>>> print(open('final-v5.pdb').read())   # PDB, C-alpha atoms
ATOM      1  CA  MET X  27    -135.428  18.280  73.017
ATOM      2  CA  LEU X  28    -136.399  16.547  69.767
ATOM      3  CA  VAL X  29    -133.453  16.274  67.369
ATOM      4  CA  LEU X  30    -133.444  15.168  63.744
ATOM      5  CA  GLY X  31    -130.234  13.319  62.866
ATOM      6  CA  ILE X  32    -128.956  13.074  59.285
ATOM      7  CA  GLU X  33    -126.158  10.733  58.179
ATOM      8  CA  THR X  34    -124.725  10.939  54.641
ATOM      9  CA  SER X  35    -120.993  10.332  55.080
ATOM     10  CA  CYS X  36    -120.730   7.483  52.580
ATOM     11  CA  ASP X  37    -123.249   5.168  50.928
ATOM     12  CA  GLU X  38    -126.150   5.120  53.392
ATOM     13  CA  THR X  39    -128.754   7.820  53.821
ATOM     14  CA  GLY X  40    -129.786   7.597  57.458
ATOM     15  CA  VAL X  41    -132.248   9.770  59.364
ATOM     16  CA  ALA X  42    -133.598   9.465  62.903
ATOM     17  CA  LEU X  43    -135.525  11.280  65.605
ATOM     18  CA  TYR X  44    -134.061  11.294  69.107
ATOM     19  CA  ASP X  45    -135.873  12.847  72.051
ATOM     20  CA  THR X  46    -133.795  13.609  75.132
ATOM     21  CA  ALA X  47    -136.778  12.681  77.298
ATOM     22  CA  ASP X  48    -138.148   9.660  75.437
ATOM     23  CA  GLY X  49    -135.084   8.278  73.648
ATOM     24  CA  LEU X  50    -134.960   7.073  70.062
ATOM     25  CA  LEU X  51    -138.403   7.538  68.512
ATOM     26  CA  ALA X  52    -137.811   6.304  64.960
ATOM     27  CA  GLN X  53    -135.186   5.875  62.289
ATOM     28  CA  SER X  54    -135.109   5.201  58.574
ATOM     29  CA  ILE X  55    -132.202   4.197  56.404
ATOM     30  CA  TYR X  56    -131.656   3.766  52.703
ATOM     31  CA  SER X  57    -128.670   1.692  51.638
ATOM     32  CA  GLN X  58    -126.931   2.238  48.305
ATOM     33  CA  VAL X  59    -125.272  -1.188  48.362
ATOM     34  CA  PRO X  60    -127.086  -2.452  45.232
ATOM     35  CA  LEU X  61    -126.016   0.695  43.364
ATOM     36  CA  HIS X  62    -122.316   0.300  44.185
ATOM     37  CA  ALA X  63    -122.086  -3.496  44.250
ATOM     38  CA  ARG X  64    -121.597  -3.702  40.485
ATOM     39  CA  TYR X  65    -118.445  -1.569  40.856
ATOM     40  CA  GLY X  66    -117.046  -3.506  43.819
ATOM     41  CA  GLY X  67    -117.015  -0.421  46.048
ATOM     42  CA  VAL X  68    -118.459   3.030  46.606
ATOM     43  CA  VAL X  69    -118.400   5.479  43.680
ATOM     44  CA  PRO X  70    -118.378   8.930  45.349
ATOM     45  CA  GLU X  71    -120.258  10.838  42.639
ATOM     46  CA  LEU X  72    -123.010   8.244  42.470
ATOM     47  CA  ALA X  73    -123.272   8.271  46.258
ATOM     48  CA  SER X  74    -123.785  12.044  46.335
ATOM     49  CA  ARG X  75    -126.470  11.928  43.657
ATOM     50  CA  ASP X  76    -128.363   9.154  45.420
ATOM     51  CA  HIS X  77    -128.311  11.050  48.723
ATOM     52  CA  ILE X  78    -129.896  14.013  46.901
ATOM     53  CA  ARG X  79    -132.567  11.728  45.500
ATOM     54  CA  LYS X  80    -133.483  10.079  48.796
ATOM     55  CA  ILE X  81    -132.987  12.555  51.629
ATOM     56  CA  VAL X  82    -136.239  14.550  51.328
ATOM     57  CA  PRO X  83    -138.616  11.571  50.976
ATOM     58  CA  LEU X  84    -136.731   9.702  53.712
ATOM     59  CA  VAL X  85    -137.190  12.553  56.201
ATOM     60  CA  GLY X  86    -140.871  12.701  55.288
ATOM     61  CA  GLU X  87    -141.180   8.956  55.852
ATOM     62  CA  LEU X  88    -139.434   9.287  59.214
ATOM     63  CA  LEU X  89    -141.725  12.049  60.459
ATOM     64  CA  ASP X  90    -144.798  10.072  59.414
ATOM     65  CA  LYS X  91    -143.483   6.981  61.188
ATOM     66  CA  ALA X  92    -143.038   8.915  64.441
ATOM     67  CA  SER X  93    -146.284  10.907  64.036
ATOM     68  CA  ARG X  94    -144.290  14.145  64.141
ATOM     69  CA  SER X  95    -143.881  17.157  61.879
ATOM     70  CA  THR X  96    -141.023  19.574  61.246
ATOM     71  CA  ALA X  97    -142.771  21.995  63.615
ATOM     72  CA  ASP X  98    -141.994  19.599  66.468
ATOM     73  CA  LEU X  99    -138.225  19.697  65.915
ATOM     74  CA  ASP X 100    -135.991  21.486  68.412
ATOM     75  CA  GLY X 101    -132.728  20.941  66.567
ATOM     76  CA  VAL X 102    -131.045  19.328  63.559
ATOM     77  CA  ALA X 103    -127.812  17.330  63.656
ATOM     78  CA  TYR X 104    -125.932  16.254  60.557
ATOM     79  CA  THR X 105    -122.664  14.472  59.848
ATOM     80  CA  ALA X 106    -119.996  17.089  59.125
ATOM     81  CA  GLY X 107    -117.110  14.624  58.660
ATOM     82  CA  PRO X 108    -115.083  12.632  58.117
ATOM     83  CA  GLY X 109    -116.345  11.012  54.933
ATOM     84  CA  LEU X 110    -116.840  11.558  51.211
ATOM     85  CA  ILE X 111    -116.973  15.323  50.783
ATOM     86  CA  GLY X 112    -119.766  15.350  48.197
ATOM     87  CA  ALA X 113    -121.923  13.000  50.251
ATOM     88  CA  LEU X 114    -121.275  15.033  53.402
ATOM     89  CA  MET X 115    -122.303  18.238  51.637
ATOM     90  CA  VAL X 116    -125.712  16.810  50.748
ATOM     91  CA  GLY X 117    -126.691  16.049  54.336
ATOM     92  CA  ALA X 118    -125.024  19.131  55.804
ATOM     93  CA  THR X 119    -126.593  21.544  53.317
ATOM     94  CA  PHE X 120    -130.045  20.015  53.718
ATOM     95  CA  GLY X 121    -129.790  19.895  57.505
ATOM     96  CA  ARG X 122    -128.467  23.445  57.884
ATOM     97  CA  ALA X 123    -131.078  24.848  55.494
ATOM     98  CA  LEU X 124    -133.897  23.007  57.269
ATOM     99  CA  ALA X 125    -132.774  24.333  60.649
ATOM    100  CA  TYR X 126    -132.506  27.860  59.268
ATOM    101  CA  GLY X 127    -135.990  27.681  57.781
ATOM    102  CA  LEU X 128    -137.431  26.437  61.077
ATOM    103  CA  ASP X 129    -135.379  28.919  63.148
ATOM    104  CA  ILE X 130    -133.921  26.144  65.309
ATOM    105  CA  PRO X 131    -130.261  25.343  66.098
ATOM    106  CA  ALA X 132    -128.123  23.030  63.985
ATOM    107  CA  ILE X 133    -124.985  21.106  64.879
ATOM    108  CA  GLY X 134    -122.387  19.334  62.758
ATOM    109  CA  VAL X 135    -121.479  15.949  64.241
ATOM    110  CA  HIS X 136    -118.208  14.039  64.020
ATOM    111  CA  HIS X 137    -119.013  10.684  62.427
ATOM    112  CA  LEU X 138    -116.598   8.736  64.627
ATOM    113  CA  GLU X 139    -117.763  10.343  67.848
ATOM    114  CA  ALA X 140    -121.300   9.335  66.873
ATOM    115  CA  HIS X 141    -120.146   5.735  66.385
ATOM    116  CA  LEU X 142    -118.393   5.861  69.744
ATOM    117  CA  LEU X 143    -121.548   7.043  71.513
ATOM    118  CA  ALA X 144    -123.892   4.642  69.685
ATOM    119  CA  PRO X 145    -123.700   1.953  72.434
ATOM    120  CA  LEU X 146    -125.249   4.462  74.835
ATOM    121  CA  ILE X 147    -128.342   5.207  72.739
ATOM    122  CA  GLU X 148    -130.390   2.564  74.501
ATOM    123  CA  GLY X 149    -130.293   4.748  77.609
ATOM    124  CA  ALA X 150    -131.387   2.968  80.780
ATOM    125  CA  GLU X 151    -131.091  -0.435  79.102
ATOM    126  CA  THR X 152    -127.339   0.047  78.728
ATOM    127  CA  LEU X 153    -125.220   0.653  81.814
ATOM    128  CA  PRO X 154    -122.798   3.329  80.634
ATOM    129  CA  PRO X 155    -119.075   2.742  81.087
ATOM    130  CA  ALA X 156    -117.261   4.541  83.866
ATOM    131  CA  LEU X 157    -114.857   7.246  82.736
ATOM    132  CA  PRO X 158    -112.188   6.876  81.597
ATOM    133  CA  PHE X 159    -112.632   3.821  79.380
ATOM    134  CA  ALA X 160    -111.052   2.283  76.291
ATOM    135  CA  ALA X 161    -112.715   2.340  72.893
ATOM    136  CA  LEU X 162    -112.111   0.471  69.659
ATOM    137  CA  LEU X 163    -113.469   2.164  66.546
ATOM    138  CA  VAL X 164    -113.375  -0.403  63.766
ATOM    139  CA  SER X 165    -114.968   0.227  60.389
ATOM    140  CA  GLY X 166    -114.293   0.417  56.686
ATOM    141  CA  GLY X 167    -112.394   3.668  57.018
ATOM    142  CA  HIS X 168    -110.922   3.591  60.529
ATOM    143  CA  THR X 169    -109.348   1.189  62.997
ATOM    144  CA  GLN X 170    -108.299   3.097  66.098
ATOM    145  CA  ILE X 171    -108.003   2.590  69.850
ATOM    146  CA  PHE X 172    -108.759   5.495  72.191
ATOM    147  CA  ARG X 173    -108.735   6.351  75.844
ATOM    148  CA  VAL X 174    -111.992   8.213  76.404
ATOM    149  CA  HIS X 175    -111.660  10.799  79.158
ATOM    150  CA  GLY X 176    -115.097  12.274  78.484
ATOM    151  CA  ILE X 177    -117.393  13.242  75.640
ATOM    152  CA  GLY X 178    -115.226  15.156  73.211
ATOM    153  CA  SER X 179    -112.007  14.287  75.062
ATOM    154  CA  TYR X 180    -110.252  11.437  73.248
ATOM    155  CA  GLU X 181    -106.640  10.244  73.408
ATOM    156  CA  LEU X 182    -105.422   8.149  70.482
ATOM    157  CA  LEU X 183    -103.536   5.095  71.763
ATOM    158  CA  GLY X 184    -103.090   3.104  68.558
ATOM    159  CA  GLU X 185    -104.351   2.757  65.008
ATOM    160  CA  SER X 186    -103.907   0.874  61.768
ATOM    161  CA  LEU X 187    -100.927   2.227  59.879
ATOM    162  CA  ASP X 188    -102.449   1.307  56.521
ATOM    163  CA  ASP X 189    -105.741  -0.433  55.682
ATOM    164  CA  ALA X 190    -108.591  -0.272  58.150
ATOM    165  CA  ALA X 191    -109.977  -3.654  59.202
ATOM    166  CA  GLY X 192    -113.228  -3.112  57.315
ATOM    167  CA  GLU X 193    -111.335  -2.103  54.192
ATOM    168  CA  ALA X 194    -109.253  -5.278  54.475
ATOM    169  CA  PHE X 195    -112.465  -7.330  54.704
ATOM    170  CA  ASP X 196    -113.748  -5.670  51.512
ATOM    171  CA  LYS X 197    -110.508  -6.425  49.663
ATOM    172  CA  ALA X 198    -110.439 -10.035  50.840
ATOM    173  CA  ALA X 199    -114.033 -10.470  49.694
ATOM    174  CA  LYS X 200    -113.135  -9.124  46.267
ATOM    175  CA  MET X 201    -110.232 -11.584  45.979
ATOM    176  CA  LEU X 202    -112.597 -14.445  46.850
ATOM    177  CA  GLY X 203    -115.320 -13.275  44.488
ATOM    178  CA  LEU X 204    -117.776 -12.645  47.334
ATOM    179  CA  GLY X 205    -118.954  -9.210  46.275
ATOM    180  CA  TYR X 206    -119.600  -5.982  48.179
ATOM    181  CA  PRO X 207    -119.887  -5.186  51.071
ATOM    182  CA  GLY X 208    -117.141  -7.564  52.058
ATOM    183  CA  GLY X 209    -117.405  -7.823  55.834
ATOM    184  CA  PRO X 210    -120.756  -9.625  56.068
ATOM    185  CA  ALA X 211    -119.926 -11.735  52.995
ATOM    186  CA  VAL X 212    -116.613 -12.991  54.387
ATOM    187  CA  ALA X 213    -118.139 -13.640  57.825
ATOM    188  CA  ALA X 214    -121.012 -15.658  56.336
ATOM    189  CA  VAL X 215    -118.758 -17.866  54.203
ATOM    190  CA  ALA X 216    -116.235 -18.251  57.027
ATOM    191  CA  GLU X 217    -118.860 -20.051  59.111
ATOM    192  CA  GLN X 218    -118.394 -23.060  56.798
ATOM    193  CA  GLY X 219    -114.594 -22.859  56.796
ATOM    194  CA  ASP X 220    -112.075 -25.166  58.440
ATOM    195  CA  PRO X 221    -110.115 -23.104  61.030
ATOM    196  CA  ALA X 222    -107.234 -25.587  61.033
ATOM    197  CA  ARG X 223    -106.452 -25.632  57.305
ATOM    198  CA  PHE X 224    -104.722 -22.237  56.943
ATOM    199  CA  ARG X 225    -102.833 -20.099  59.420
ATOM    200  CA  PHE X 226    -102.613 -16.442  58.424
ATOM    201  CA  PRO X 227    -100.247 -13.970  60.172
ATOM    202  CA  ARG X 228    -101.379 -11.726  63.025
ATOM    203  CA  PRO X 229     -99.649  -8.469  61.961
ATOM    204  CA  MET X 230     -97.647  -6.450  64.505
ATOM    205  CA  THR X 231     -98.759  -8.563  67.468
ATOM    206  CA  ASP X 232     -95.175  -9.676  68.136
ATOM    207  CA  ARG X 233     -94.003  -6.140  68.860
ATOM    208  CA  PRO X 234     -94.942  -3.701  71.635
ATOM    209  CA  GLY X 235     -97.485  -0.968  71.188
ATOM    210  CA  LEU X 236    -101.078  -0.724  70.024
ATOM    211  CA  ASP X 237    -100.632   0.144  66.348
ATOM    212  CA  MET X 238    -101.881  -2.317  63.737
ATOM    213  CA  SER X 239    -101.373  -3.150  60.066
ATOM    214  CA  PHE X 240    -103.584  -5.091  57.685
ATOM    215  CA  SER X 241    -101.948  -4.533  54.292
ATOM    216  CA  GLY X 242     -99.571  -7.475  54.761
ATOM    217  CA  LEU X 243    -102.506  -9.706  55.656
ATOM    218  CA  LYS X 244    -104.188  -8.621  52.446
ATOM    219  CA  THR X 245    -101.077  -9.601  50.461
ATOM    220  CA  PHE X 246    -100.863 -12.952  52.259
ATOM    221  CA  THR X 247    -104.513 -13.605  51.355
ATOM    222  CA  LEU X 248    -103.884 -12.750  47.705
ATOM    223  CA  ASN X 249    -100.904 -15.109  47.544
ATOM    224  CA  THR X 250    -102.972 -17.906  49.106
ATOM    225  CA  VAL X 251    -105.747 -17.351  46.568
ATOM    226  CA  ARG X 252    -103.273 -17.522  43.693
ATOM    227  CA  GLN X 253    -101.622 -20.671  45.042
ATOM    228  CA  HIS X 254    -104.945 -22.529  45.161
ATOM    229  CA  ALA X 255    -106.600 -21.165  42.017
ATOM    230  CA  PRO X 256    -109.022 -22.090  40.645
ATOM    231  CA  LEU X 257    -110.786 -21.977  44.013
ATOM    232  CA  THR X 258    -113.418 -24.457  45.059
ATOM    233  CA  ASP X 259    -116.222 -23.491  47.433
ATOM    234  CA  LYS X 260    -114.287 -25.225  50.205
ATOM    235  CA  ASP X 261    -111.143 -23.226  49.389
ATOM    236  CA  ILE X 262    -113.115 -19.979  49.565
ATOM    237  CA  ALA X 263    -114.680 -20.892  52.907
ATOM    238  CA  ASP X 264    -111.357 -22.000  54.411
ATOM    239  CA  ILE X 265    -109.496 -18.879  53.243
ATOM    240  CA  ALA X 266    -112.318 -16.655  54.473
ATOM    241  CA  ARG X 267    -112.190 -18.358  57.870
ATOM    242  CA  ALA X 268    -108.405 -17.966  58.118
ATOM    243  CA  PHE X 269    -108.627 -14.314  57.145
ATOM    244  CA  GLU X 270    -111.402 -13.540  59.615
ATOM    245  CA  GLU X 271    -109.584 -15.386  62.405
ATOM    246  CA  ALA X 272    -106.427 -13.349  61.730
ATOM    247  CA  VAL X 273    -108.220  -9.992  61.804
ATOM    248  CA  VAL X 274    -110.225 -10.883  64.918
ATOM    249  CA  ASP X 275    -107.199 -12.247  66.789
ATOM    250  CA  THR X 276    -105.186  -9.126  65.944
ATOM    251  CA  LEU X 277    -107.912  -6.825  67.242
ATOM    252  CA  VAL X 278    -108.435  -8.887  70.386
ATOM    253  CA  ILE X 279    -104.715  -9.004  71.172
ATOM    254  CA  LYS X 280    -104.438  -5.235  70.807
ATOM    255  CA  CYS X 281    -107.550  -4.605  72.900
ATOM    256  CA  ARG X 282    -106.400  -6.961  75.646
ATOM    257  CA  ARG X 283    -103.031  -5.221  75.645
ATOM    258  CA  THR X 284    -104.823  -1.866  75.910
ATOM    259  CA  VAL X 285    -106.734  -2.963  78.997
ATOM    260  CA  GLU X 286    -103.649  -4.522  80.614
ATOM    261  CA  HIS X 287    -101.335  -1.563  79.995
ATOM    262  CA  THR X 288    -103.777   1.221  80.838
ATOM    263  CA  GLY X 289    -105.719  -0.415  83.643
ATOM    264  CA  LEU X 290    -108.981   0.465  81.913
ATOM    265  CA  GLY X 291    -111.448  -2.320  82.663
ATOM    266  CA  GLU X 292    -114.127  -1.508  80.099
ATOM    267  CA  LEU X 293    -114.009  -1.453  76.319
ATOM    268  CA  VAL X 294    -116.543   0.187  74.017
ATOM    269  CA  ILE X 295    -116.459  -1.229  70.494
ATOM    270  CA  ALA X 296    -118.190   0.640  67.688
ATOM    271  CA  GLY X 297    -118.258   0.842  63.896
ATOM    272  CA  GLY X 298    -119.399  -1.521  61.171
ATOM    273  CA  VAL X 299    -116.967  -4.336  62.032
ATOM    274  CA  ALA X 300    -118.351  -4.290  65.598
ATOM    275  CA  ALA X 301    -121.273  -6.285  64.197
ATOM    276  CA  ASN X 302    -118.942  -9.234  63.521
ATOM    277  CA  ARG X 303    -120.140 -12.093  65.730
ATOM    278  CA  ARG X 304    -116.747 -13.757  66.116
ATOM    279  CA  LEU X 305    -115.111 -10.491  67.177
ATOM    280  CA  ARG X 306    -117.769  -9.905  69.836
ATOM    281  CA  GLU X 307    -117.428 -13.408  71.220
ATOM    282  CA  ARG X 308    -113.629 -13.253  71.423
ATOM    283  CA  LEU X 309    -113.614  -9.826  73.052
ATOM    284  CA  GLU X 310    -116.212 -10.874  75.620
ATOM    285  CA  ALA X 311    -114.097 -13.911  76.493
ATOM    286  CA  ALA X 312    -110.867 -11.922  76.750
ATOM    287  CA  LEU X 313    -111.930  -8.736  78.574
ATOM    288  CA  PRO X 314    -113.764  -7.905  81.816
ATOM    289  CA  ARG X 315    -116.544  -5.933  80.118
ATOM    290  CA  VAL X 316    -117.311  -5.098  76.498
ATOM    291  CA  ILE X 317    -120.017  -2.616  75.480
ATOM    292  CA  TYR X 318    -121.314  -2.326  71.930
ATOM    293  CA  PRO X 319    -124.434  -1.166  70.121
ATOM    294  CA  PRO X 320    -127.028  -3.522  68.657
ATOM    295  CA  PRO X 321    -126.020  -4.688  65.150
ATOM    296  CA  ALA X 322    -128.434  -2.248  63.473
ATOM    297  CA  LEU X 323    -126.564   0.667  65.052
ATOM    298  CA  CYS X 324    -123.069  -0.581  64.193
ATOM    299  CA  THR X 325    -123.226   0.481  60.565
ATOM    300  CA  ASP X 326    -123.796   4.107  59.546
ATOM    301  CA  ASN X 327    -127.167   5.386  60.758
ATOM    302  CA  GLY X 328    -129.026   8.551  61.641
ATOM    303  CA  ALA X 329    -129.738   7.484  65.221
ATOM    304  CA  MET X 330    -126.137   7.895  66.335
ATOM    305  CA  ILE X 331    -125.975  11.335  64.692
ATOM    306  CA  ALA X 332    -129.186  12.455  66.396
ATOM    307  CA  TYR X 333    -127.934  11.201  69.771
ATOM    308  CA  ALA X 334    -124.478  12.785  69.511
ATOM    309  CA  GLY X 335    -126.075  15.982  68.220
ATOM    310  CA  ALA X 336    -128.533  16.087  71.096
ATOM    311  CA  ILE X 337    -125.650  15.913  73.594
ATOM    312  CA  ARG X 338    -123.798  18.799  71.973
ATOM    313  CA  LEU X 339    -126.920  20.897  71.429
ATOM    314  CA  GLY X 340    -127.828  20.293  75.070
ATOM    315  CA  ALA X 341    -124.400  21.649  76.025
ATOM    316  CA  GLY X 342    -125.157  24.854  74.148
ATOM    317  CA  ARG X 343    -123.164  24.141  70.980
ATOM    318  CA  ARG X 344    -124.485  25.707  67.764
ATOM    319  CA  GLU X 345    -123.353  26.063  64.156
ATOM    320  CA  GLY X 346    -123.181  29.373  62.341
ATOM    321  CA  LEU X 347    -124.859  29.945  58.993
ATOM    322  CA  GLU X 348    -121.927  28.505  57.072
ATOM    323  CA  VAL X 349    -121.957  24.873  55.978
ATOM    324  CA  ALA X 350    -118.601  23.346  56.934
ATOM    325  CA  THR X 351    -117.672  19.739  56.181
ATOM    326  CA  ARG X 352    -114.359  17.887  56.462
ATOM    327  CA  ALA X 353    -113.341  14.815  54.513
ATOM    328  CA  ARG X 354    -110.588  14.215  57.084
ATOM    329  CA  TRP X 355    -111.145  15.127  60.716
ATOM    330  CA  PRO X 356    -109.072  13.592  63.524
ATOM    331  CA  LEU X 357    -111.249  12.727  66.510
ATOM    332  CA  VAL X 358    -108.673  14.177  68.913
ATOM    333  CA  GLU X 359    -109.368  17.660  67.509
ATOM    334  CA  LEU X 360    -112.857  17.791  69.027
ATOM    335  CA  ASP X 361    -113.629  20.114  71.906
ATOM    336  CA  PRO X 362    -114.729  18.422  75.127
ATOM    337  CA  VAL X 363    -118.331  18.752  76.253
ATOM    338  CA  VAL X 364    -118.572  19.942  79.826
ATOM    339  CA  PRO X 365    -121.723  18.589  81.553
TER
END
>>> encode(input="final-v5.pdb", output="structure tokens")
Amino acid sequence: MLVLGIETSCDETGVALYDTADGLLAQSIYSQVPLHARYGGVVPELASRDHIRKIVPLVGELLDKASRSTADLDGVAYTAGPGLIGALMVGATFGRALAYGLDIPAIGVHHLEAHLLAPLIEGAETLPPALPFAALLVSGGHTQIFRVHGIGSYELLGESLDDAAGEAFDKAAKMLGLGYPGGPAVAAVAEQGDPARFRFPRPMTDRPGLDMSFSGLKTFTLNTVRQHAPLTDKDIADIARAFEEAVVDTLVIKCRRTVEHTGLGELVIAGGVAANRRLRERLEAALPRVIYPPPALCTDNGAMIAYAGAIRLGAGRREGLEVATRARWPLVELDPVVP
């Protein structure tokens, strides 16, 4: 089965072709970062308009790259939520209309489930985790820990009660004048920072449970910036390092606690922050086994949508003619896929 995947949940237009027999054939992605950077974050209306502008030529480019045509497609998968509703509507409307015109099935994919399954896209090159396993979804919009019983069967164990980790990175970057997107910018500058100069708090690690909070860390960062203004390059690097260390330590502590309390020996980590080198290193040192996608598949992409869609289409799931998208969509509301 050859599935076209379409991702338009936020500020990246991603498309990919996944074949259930041959794996990932090709993917193309267009990032809107330069468009939104001047505003310090994503402007929803501009994101929707840019998806409209890029989606048709990007699909054409993808098909040419893979030496395929629309006649070769067996199904279309598109992100149905969660995300920016206008951006979601662009991909969902295009994907559903294309499937209707080709008389092939379409499936709306949960963005977070696609992230969760992204580490498995490499197929035989990645030994899949044994069920059940723990999963950390960590991105700009979500920071959550799940027990994964099976595809579509997810139990929420803990989450951030306020800012997601990726959102906190973006806000810290803005305070330090590092621009957007914040995660890669903070991580790059932090490499030059002195880890011993500042000690930032590790929120909610001194209390039981797996919930997290990053808003207090954001406030602590702001106060540190104000105390040392005007900042030198060294100040920026040292604050960035302290901030990154605090976020990484908090996530590692919560993940280690998850493994210890549940007895789950494997952790899947997915989402944009999963590309953070320091987080990967610390998790690998602290846990028996950590599974994550290659960095290119950590951020939003069409490959994960195509893969997740192929699984659900293969299980006989289909969308009706209506185009349904959800800005908010708890992962625990998904129906399990029975092999």
>>> atom_distance(input="final-v5.pdb", atom1="atom CA of X:Phe172", atom2="atom CA of X:Ala160")
5.7 Å
>>> residues_around(input="final-v5.pdb", residues="X:Gly176", least_positions_apart="3", cutoff="8 Å", atoms="only C-alpha atoms", output="number ranges by chain")
X: 157-158, 179-180, 362-363
>>> axis_aligned_box(input="final-v5.pdb", around="stretch 93-107 of chain X", padding_each_side="8 Å", output="AutoDock Vina command-line options")
--center_x -131.7 --center_y 16.5 --center_z 63.5 --size_x 45.2 --size_y 27.1 --size_z 25.8
>>> resolve_selection(input="final-v5.pdb", expression="the PyMOL selection byres ((chain X and resi 247-262) around 10)", output="number ranges by chain")
X: 197-199, 201-204, 212, 215-216, 218-220, 223-224, 226-227, 241-246, 263-269
>>> resolve_selection(input="final-v5.pdb", expression="the PyMOL selection byres ((chain X and resi 341-357) around 7)", output="PyMOL selection string")
chain X and resi 106-111+114-115+118-119+122+131-134+138+180+337-340+358-360+363+365
>>> closest_residue(input="final-v5.pdb", among="X:Lys200, X:Leu124, X:Phe195, X:Asp90", to="X:Arg64", atoms="all atoms listed in the file")
X:Lys200
>>> resolve_selection(input="final-v5.pdb", expression="the PyMOL selection byres ((chain X and resi 234-237) around 9)", output="PyMOL selection string")
chain X and resi 170-171+183-187+230-233+238-239+280-281+283-284
>>> atom_distance(input="final-v5.pdb", atom1="atom CA of X:Glu292", atom2="atom CA of X:Glu310")
10.6 Å
>>> atom_distance(input="final-v5.pdb", atom1="atom CA of X:Ala329", atom2="atom CA of X:Ala42")
4.9 Å
>>> residues_around(input="final-v5.pdb", residues="X:Pro314", least_positions_apart="5", cutoff="10 Å", atoms="all atoms listed in the file", output="list in words")
Arg282, Val285, Leu290, Gly291, Glu292, Leu293 and Leu309 of chain X
>>> closest_residue(input="final-v5.pdb", among="X:Leu163, X:Ala190, X:Val59, X:Ala123", to="X:Gly101", atoms="only C-alpha atoms")
X:Ala123
>>> closest_residue(input="final-v5.pdb", among="X:Gly117, X:Pro319, X:Pro229, X:Gly335", to="X:Asp188", atoms="all atoms listed in the file")
X:Pro229
>>> closest_residue(input="final-v5.pdb", among="X:Ala140, X:Tyr44, X:Val82, X:Ala97", to="X:Ile331", atoms="all atoms listed in the file")
X:Ala140
>>> closest_residue(input="final-v5.pdb", among="X:Asp361, X:Asp76, X:Glu217, X:Glu33", to="X:Ile177", atoms="all atoms listed in the file")
X:Asp361
>>> closest_residue(input="final-v5.pdb", among="X:Ala113, X:Val102, X:Leu88, X:Ile78", to="X:Gly127", atoms="all atoms listed in the file")
X:Val102
>>> residues_around(input="final-v5.pdb", residues="X:Val69", least_positions_apart="4", cutoff="10 Å", atoms="all atoms listed in the file", output="list in words")
Cys36, Asp37, Leu61, His62, Ala63, Tyr65, Ala73, Ser74 and Leu110 of chain X
>>> closest_atom_pairs(input="final-v5.pdb", of="stretch 120-172 of chain X", to="stretch 295-304 of chain X", cutoff="7 Å", atoms="only C-alpha atoms", output="tab-separated table")
residue	atom	partner	partner_atom	distance
X:His141	CA	X:Ala296	CA	5.6
X:Leu142	CA	X:Ala296	CA	5.6
X:Ala161	CA	X:Ile295	CA	5.7
X:Leu162	CA	X:Ile295	CA	4.7
X:Leu163	CA	X:Ala296	CA	5.1
X:Val164	CA	X:Gly297	CA	5.0
X:Ser165	CA	X:Gly298	CA	4.8
>>> residues_around(input="final-v5.pdb", residues="X:Ile32", least_positions_apart="3", cutoff="6 Å", atoms="only C-alpha atoms", output="MDAnalysis selection string")
chainID X and resid 40:41 104 328
